[in-house]
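Below is one structure, written out as structure tokens, with a few remarks after it.
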Number of protein chains: 2
Amino acid sequence: MEGASVHYIEQNLLPFSFRIGQSVTFEESCRVIRSMNVRGAGAIGALAGFAMAQAASVAPEAEYHDFLSRAKATIESTRPTARNLFHAVDLVFQAALVSREEAIRSATEIADTDARDSRLIGEYGAQLLRNEMNIETHCNAGWLAFVDYGTALSPIYHAHQQGKNLFVYVDETRPRGQGARLTAWELFHEGIPHAIIPDNAGAYFMSLGKVDLMIVGADRVAANGDVANKIGTLEKAIAARAYGIPFYVAAPTSTFDPSCADGSQIPIEFRDESEILFQEGLTDDGRKETIRVCSPGSTALNPAFDVTPARFITGIITEKGIITPSPENIQSITT
Amino acid sequence: MEGASVHYIEQNLLPFSFRIGQSVTFEESCRVIRSMNVRGAGAIGALAGFAMAQAASVAPEAEYHDFLSRAKATIESTRPTARNLFHAVDLVFQAALVSREEAIRSATEIADTDARDSRLIGEYGAQLLRNEMNIETHCNAGWLAFVDYGTALSPIYHAHQQGKNLFVYVDETRPRGQGARLTAWELFHEGIPHAIIPDNAGAYFMSLGKVDLMIVGADRVAANGDVANKIGTLEKAIAARAYGIPFYVAAPTSTFDPSCADGSQIPIEFRDESEILFQEGLTDDGRKETIRVCSPGSTALNPAFDVTPARFITGIITEKGIITPSPENIQSITT
């Protein structure tokens, strides 16, 4: 954040072009989150915090509290599942009640904490990764999805820097293709060997013994260890269990929501069916084009997340260490 | 088949246009199978049989047997996993050794038998479907994939005709989208309520109790009941088991391969990575366009099938009735 302006990577343009966008109002920041131009647990949280600070900076003195409350509700309505969003908005709202400067300080601290947490997750998680391991990941929980490093990819980056040879199976992650577009882009630029696979192929490679470990991110962790994450995570966790493959979730404690007793209480966002019926990409001659890929006349259902029960999760890699997902462990780590 | 000419639906044009193609040589028929312009277990088998008959009709008298043997090998090389292909080519090859007329008669009989088997599968399978059931299916095993009716969809068509209200969750089936393009197209034109879902969402809807039963087709059934089918089938079967949802495979006995002891002996076709990296579809103004949907620089792995172990399969719906997949049941049904 510089002045009133928040800088962000326009993720909807990736992997075909890289551009830094600017948002100068909290309404604009909301649109950026809603359109998923900024997506990923930590990145959403950071931008939501800055949006709250932007709101504080323009809130009229006469109705300061009411204005902030309405802005808070607007920001919270952008993505219902993402815990980091609510976490950040709460913190910055409280800070804004003290002063506008305090709001900016709080939002900046959230972003800095996110980067530090991601680094620590990488350090802890890298201990799980041995040389020559094959790792599968779903969606994008890399540095694009956070302020830096990421969660699921942070252990991979750290292990790679430690000289370990790794191979990553990247689930393409339909419908929006965050694996095929963002994770693949990150890994390619980090020089980490990988291949994109259709989401359908996860269990197949597991059944061949080609996946040693799976790591994913999280959008919300309930008090009992159930995890909401990108649609398809549940299926991978079940398959990993069937083949005895360790299944790890990487998430900072800011993603934990002790007020959610279990996964059934996490609201699941349904997005527009157009994300399934149409696909966007690049033509041969470099034009962006949107094409229909489904049969006309049919509708589609587009749940953006699913809930993986704690029993399918081997461990959660946090900035405070790796825990097995139990109510006791989660209580002790979040208090 | 009319004279030397075999008529087929150009499935690669669907769902955006419907056209009947003609193949007048066995080499052309091979290209049609290889390009997946004709795909689906039964349709591949039927066209492969006709291709063998086409080869017989042009085999020079002097090297009749050698020519036929080479043609057989060529046809068999088009799709390594599909059992019906080998079954049909074997039968028509033997018939061609008797006479050219016998080859055509045999190929025609294979196609007619396929349609009859599919109808019987529909009648048996419809008994499993109760009014108001929600059914999930993967890939396309409808009438497009066979000579008529199909396998996985045939019970749904029969139950629908019996007046049962059904709702079908259609897995889009990346990378080629046979669910989103072909199954959705079939169901829409039959007036059967359905929605396309990302492959990632299968387990999610199962976890909500929204899927009562799953039916898929098969490309090869091994002697122990292991089933090769479209990539992603394995993942659904594992998820269905985790939620106690009956998982049925629908396949005629011509798809059974008693010479394969178990699934590990079924060759799995890997197709070109371009099927994942690029997507074909229709632009707003009705042009066909191919676009890149993955990050440039990254490669992809494209296994076309996977193997679902018999233990995950509730039953196999055949033209002779519904069996639980065990070596004994399969032996008795195939001999």
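Just remember, in the structure tokens the first chain shown is A, the second B, etc., residues are 1-based per chain, and ligands are 1-based in the order shown.
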Would you list the contacts of Asn134 (chain A) as a PDB file with all heavy atoms, in the first residue's frame, taking every protein, DNA or RNA residue within 9 Å and counting only C-alpha atoms, but skipping same-chain residues closer than 4 positions in sequence?
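Dumped everything to selection.pdb:
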ATOM      1  N   LEU A 166      12.990 -32.713  -6.455  1.00  0.00           N
ATOM      2  CA  LEU A 166      11.571 -33.022  -6.291  1.00  0.00           C
ATOM      3  C   LEU A 166      10.896 -33.016  -7.653  1.00  0.00           C
ATOM      4  O   LEU A 166      11.368 -32.378  -8.587  1.00  0.00           O
ATOM      5  CB  LEU A 166      10.899 -31.974  -5.391  1.00  0.00           C
ATOM      6  CG  LEU A 166      11.512 -31.757  -4.007  1.00  0.00           C
ATOM      7  CD1 LEU A 166      10.860 -30.557  -3.329  1.00  0.00           C
ATOM      8  CD2 LEU A 166      11.354 -33.012  -3.149  1.00  0.00           C
ATOM      9  N   PHE A 167       9.792 -33.738  -7.734  1.00  0.00           N
ATOM     10  CA  PHE A 167       8.943 -33.662  -8.920  1.00  0.00           C
ATOM     11  C   PHE A 167       7.525 -33.402  -8.446  1.00  0.00           C
ATOM     12  O   PHE A 167       7.057 -34.028  -7.497  1.00  0.00           O
ATOM     13  CB  PHE A 167       8.999 -34.953  -9.737  1.00  0.00           C
ATOM     14  CG  PHE A 167       8.192 -34.880 -11.010  1.00  0.00           C
ATOM     15  CD1 PHE A 167       8.748 -34.366 -12.173  1.00  0.00           C
ATOM     16  CD2 PHE A 167       6.867 -35.295 -11.028  1.00  0.00           C
ATOM     17  CE1 PHE A 167       8.001 -34.276 -13.338  1.00  0.00           C
ATOM     18  CE2 PHE A 167       6.109 -35.204 -12.200  1.00  0.00           C
ATOM     19  CZ  PHE A 167       6.680 -34.698 -13.358  1.00  0.00           C
ATOM     20  N   VAL A 168       6.849 -32.453  -9.097  1.00  0.00           N
ATOM     21  CA  VAL A 168       5.517 -32.062  -8.633  1.00  0.00           C
ATOM     22  C   VAL A 168       4.455 -32.398  -9.684  1.00  0.00           C
ATOM     23  O   VAL A 168       4.562 -31.971 -10.841  1.00  0.00           O
ATOM     24  CB  VAL A 168       5.467 -30.552  -8.298  1.00  0.00           C
ATOM     25  CG1 VAL A 168       4.113 -30.180  -7.712  1.00  0.00           C
ATOM     26  CG2 VAL A 168       6.587 -30.174  -7.322  1.00  0.00           C
ATOM     27  N   TYR A 169       3.477 -33.188  -9.279  1.00  0.00           N
ATOM     28  CA  TYR A 169       2.274 -33.384 -10.102  1.00  0.00           C
ATOM     29  C   TYR A 169       1.314 -32.240  -9.789  1.00  0.00           C
ATOM     30  O   TYR A 169       0.886 -32.088  -8.646  1.00  0.00           O
ATOM     31  CB  TYR A 169       1.598 -34.719  -9.776  1.00  0.00           C
ATOM     32  CG  TYR A 169       2.376 -35.928 -10.246  1.00  0.00           C
ATOM     33  CD1 TYR A 169       3.235 -36.615  -9.387  1.00  0.00           C
ATOM     34  CD2 TYR A 169       2.246 -36.389 -11.550  1.00  0.00           C
ATOM     35  CE1 TYR A 169       3.944 -37.726  -9.817  1.00  0.00           C
ATOM     36  CE2 TYR A 169       2.957 -37.501 -11.996  1.00  0.00           C
ATOM     37  CZ  TYR A 169       3.798 -38.168 -11.117  1.00  0.00           C
ATOM     38  OH  TYR A 169       4.497 -39.261 -11.554  1.00  0.00           O
ATOM     39  N   LYS A 210       3.248 -43.512  -7.715  1.00  0.00           N
ATOM     40  CA  LYS A 210       4.083 -42.408  -8.197  1.00  0.00           C
ATOM     41  C   LYS A 210       3.951 -41.134  -7.371  1.00  0.00           C
ATOM     42  O   LYS A 210       4.630 -40.155  -7.658  1.00  0.00           O
ATOM     43  CB  LYS A 210       3.742 -42.111  -9.661  1.00  0.00           C
ATOM     44  CG  LYS A 210       4.040 -43.310 -10.556  1.00  0.00           C
ATOM     45  CD  LYS A 210       4.373 -42.905 -11.962  1.00  0.00           C
ATOM     46  CE  LYS A 210       4.876 -44.124 -12.733  1.00  0.00           C
ATOM     47  NZ  LYS A 210       5.300 -43.822 -14.081  1.00  0.00           N
ATOM     48  N   VAL A 211       3.045 -41.133  -6.410  1.00  0.00           N
ATOM     49  CA  VAL A 211       2.897 -39.947  -5.558  1.00  0.00           C
ATOM     50  C   VAL A 211       3.321 -40.341  -4.136  1.00  0.00           C
ATOM     51  O   VAL A 211       2.764 -41.264  -3.550  1.00  0.00           O
ATOM     52  CB  VAL A 211       1.441 -39.436  -5.555  1.00  0.00           C
ATOM     53  CG1 VAL A 211       1.284 -38.256  -4.600  1.00  0.00           C
ATOM     54  CG2 VAL A 211       1.008 -39.056  -6.962  1.00  0.00           C
ATOM     55  N   ASP A 212       4.331 -39.646  -3.614  1.00  0.00           N
ATOM     56  CA  ASP A 212       4.827 -39.970  -2.272  1.00  0.00           C
ATOM     57  C   ASP A 212       4.120 -39.176  -1.190  1.00  0.00           C
ATOM     58  O   ASP A 212       4.060 -39.612  -0.033  1.00  0.00           O
ATOM     59  CB  ASP A 212       6.333 -39.687  -2.182  1.00  0.00           C
ATOM     60  CG  ASP A 212       7.124 -40.535  -3.155  1.00  0.00           C
ATOM     61  OD1 ASP A 212       6.934 -41.768  -3.127  1.00  0.00           O
ATOM     62  OD2 ASP A 212       7.903 -39.969  -3.941  1.00  0.00           O
ATOM     63  N   LEU A 213       3.606 -38.014  -1.563  1.00  0.00           N
ATOM     64  CA  LEU A 213       3.041 -37.114  -0.560  1.00  0.00           C
ATOM     65  C   LEU A 213       2.214 -36.060  -1.284  1.00  0.00           C
ATOM     66  O   LEU A 213       2.532 -35.668  -2.399  1.00  0.00           O
ATOM     67  CB  LEU A 213       4.187 -36.456   0.212  1.00  0.00           C
ATOM     68  CG  LEU A 213       3.881 -35.559   1.399  1.00  0.00           C
ATOM     69  CD1 LEU A 213       4.922 -35.804   2.496  1.00  0.00           C
ATOM     70  CD2 LEU A 213       3.944 -34.091   1.000  1.00  0.00           C
ATOM     71  N   MET A 214       1.146 -35.639  -0.629  1.00  0.00           N
ATOM     72  CA  MET A 214       0.337 -34.585  -1.229  1.00  0.00           C
ATOM     73  C   MET A 214       0.261 -33.413  -0.259  1.00  0.00           C
ATOM     74  O   MET A 214       0.124 -33.617   0.953  1.00  0.00           O
ATOM     75  CB  MET A 214      -1.056 -35.128  -1.545  1.00  0.00           C
ATOM     76  CG  MET A 214      -1.947 -34.126  -2.239  1.00  0.00           C
ATOM     77  SD  MET A 214      -3.084 -34.871  -3.443  1.00  0.00           S
ATOM     78  CE  MET A 214      -3.716 -33.344  -4.205  1.00  0.00           C
TER      79      MET A 214
END
Worksheet item: So which bits of region 137-333 of chain A end up alpha helix (DSSP H) when you DSSP the backbone, as a PyMOL selection string?
Response: chain A and resi 154-161+178+184-190+202-207+233-242+274-277+327-333
Practice problem: For each of B:Ile316, B:Ala111, B:Ile245, B:Ala48, take the minimum atom-to-atom distance to Phe93 (chain B), counting only C-alpha atoms, then give the residue where this is smallest. | Solution: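 Comparing B:Ile316, B:Ala111, B:Ile245, B:Ala48 against Phe93 (chain B), the winner is B:Ala48.
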Could I get the residues of chain B with an atom no further than 6 Å from an atom of chain A, each paired with its nearest atom pair and that distance in Å to one decimal, using only C-alpha atoms, sorted by chain and residue number, as a tab-separated table?
residue	atom	partner	partner_atom	distance
B:Pro15	CA	A:Ser295	CA	5.2
B:Ala180	CA	A:Cys294	CA	4.9
B:Arg181	CA	A:Ser295	CA	4.8
B:Trp185	CA	A:Ser295	CA	5.5
B:Ala195	CA	A:Ala300	CA	4.8
B:Ile196	CA	A:Ala300	CA	4.4
B:Ile197	CA	A:Leu301	CA	5.4
B:Asn200	CA	A:Gly232	CA	3.9
B:Ala201	CA	A:Gly232	CA	5.8
B:Ala203	CA	A:Glu235	CA	5.4
B:Tyr204	CA	A:Asp306	CA	5.8
B:Ile231	CA	A:Asn200	CA	5.7
B:Gly232	CA	A:Asn200	CA	3.9
B:Glu235	CA	A:Ala203	CA	5.4
B:Gly281	CA	A:Val293	CA	4.9
B:Leu282	CA	A:Ile291	CA	5.0
B:Thr283	CA	A:Ile291	CA	4.6
B:Ile291	CA	A:Thr283	CA	4.6
B:Arg292	CA	A:Leu282	CA	5.0
B:Val293	CA	A:Gly281	CA	4.9
B:Cys294	CA	A:Ala180	CA	4.9
B:Ser295	CA	A:Arg181	CA	4.8
B:Thr299	CA	A:Ala195	CA	5.2
B:Ala300	CA	A:Ile196	CA	4.4
B:Leu301	CA	A:Ile197	CA	5.4
B:Asp306	CA	A:Tyr204	CA	5.8
Using only C-alpha atoms, what table do you get, as JSON lines, when you list each residue of region 145-216 of chain A with an atom no more than 6 Å from region 117-123 of chain A, its nearest pair of atoms, and their distance in Å rounded to one decimal, rows by chain then rising number?
{"residue": "A:Tyr149", "atom": "CA", "partner": "A:Ser118", "partner_atom": "CA", "distance": 5.7}
{"residue": "A:Gly150", "atom": "CA", "partner": "A:Ser118", "partner_atom": "CA", "distance": 5.4}
{"residue": "A:Thr151", "atom": "CA", "partner": "A:Ser118", "partner_atom": "CA", "distance": 5.6}
{"residue": "A:Ser154", "atom": "CA", "partner": "A:Gly122", "partner_atom": "CA", "distance": 4.3}
{"residue": "A:Pro155", "atom": "CA", "partner": "A:Gly122", "partner_atom": "CA", "distance": 3.8}
{"residue": "A:His158", "atom": "CA", "partner": "A:Gly122", "partner_atom": "CA", "distance": 5.7}
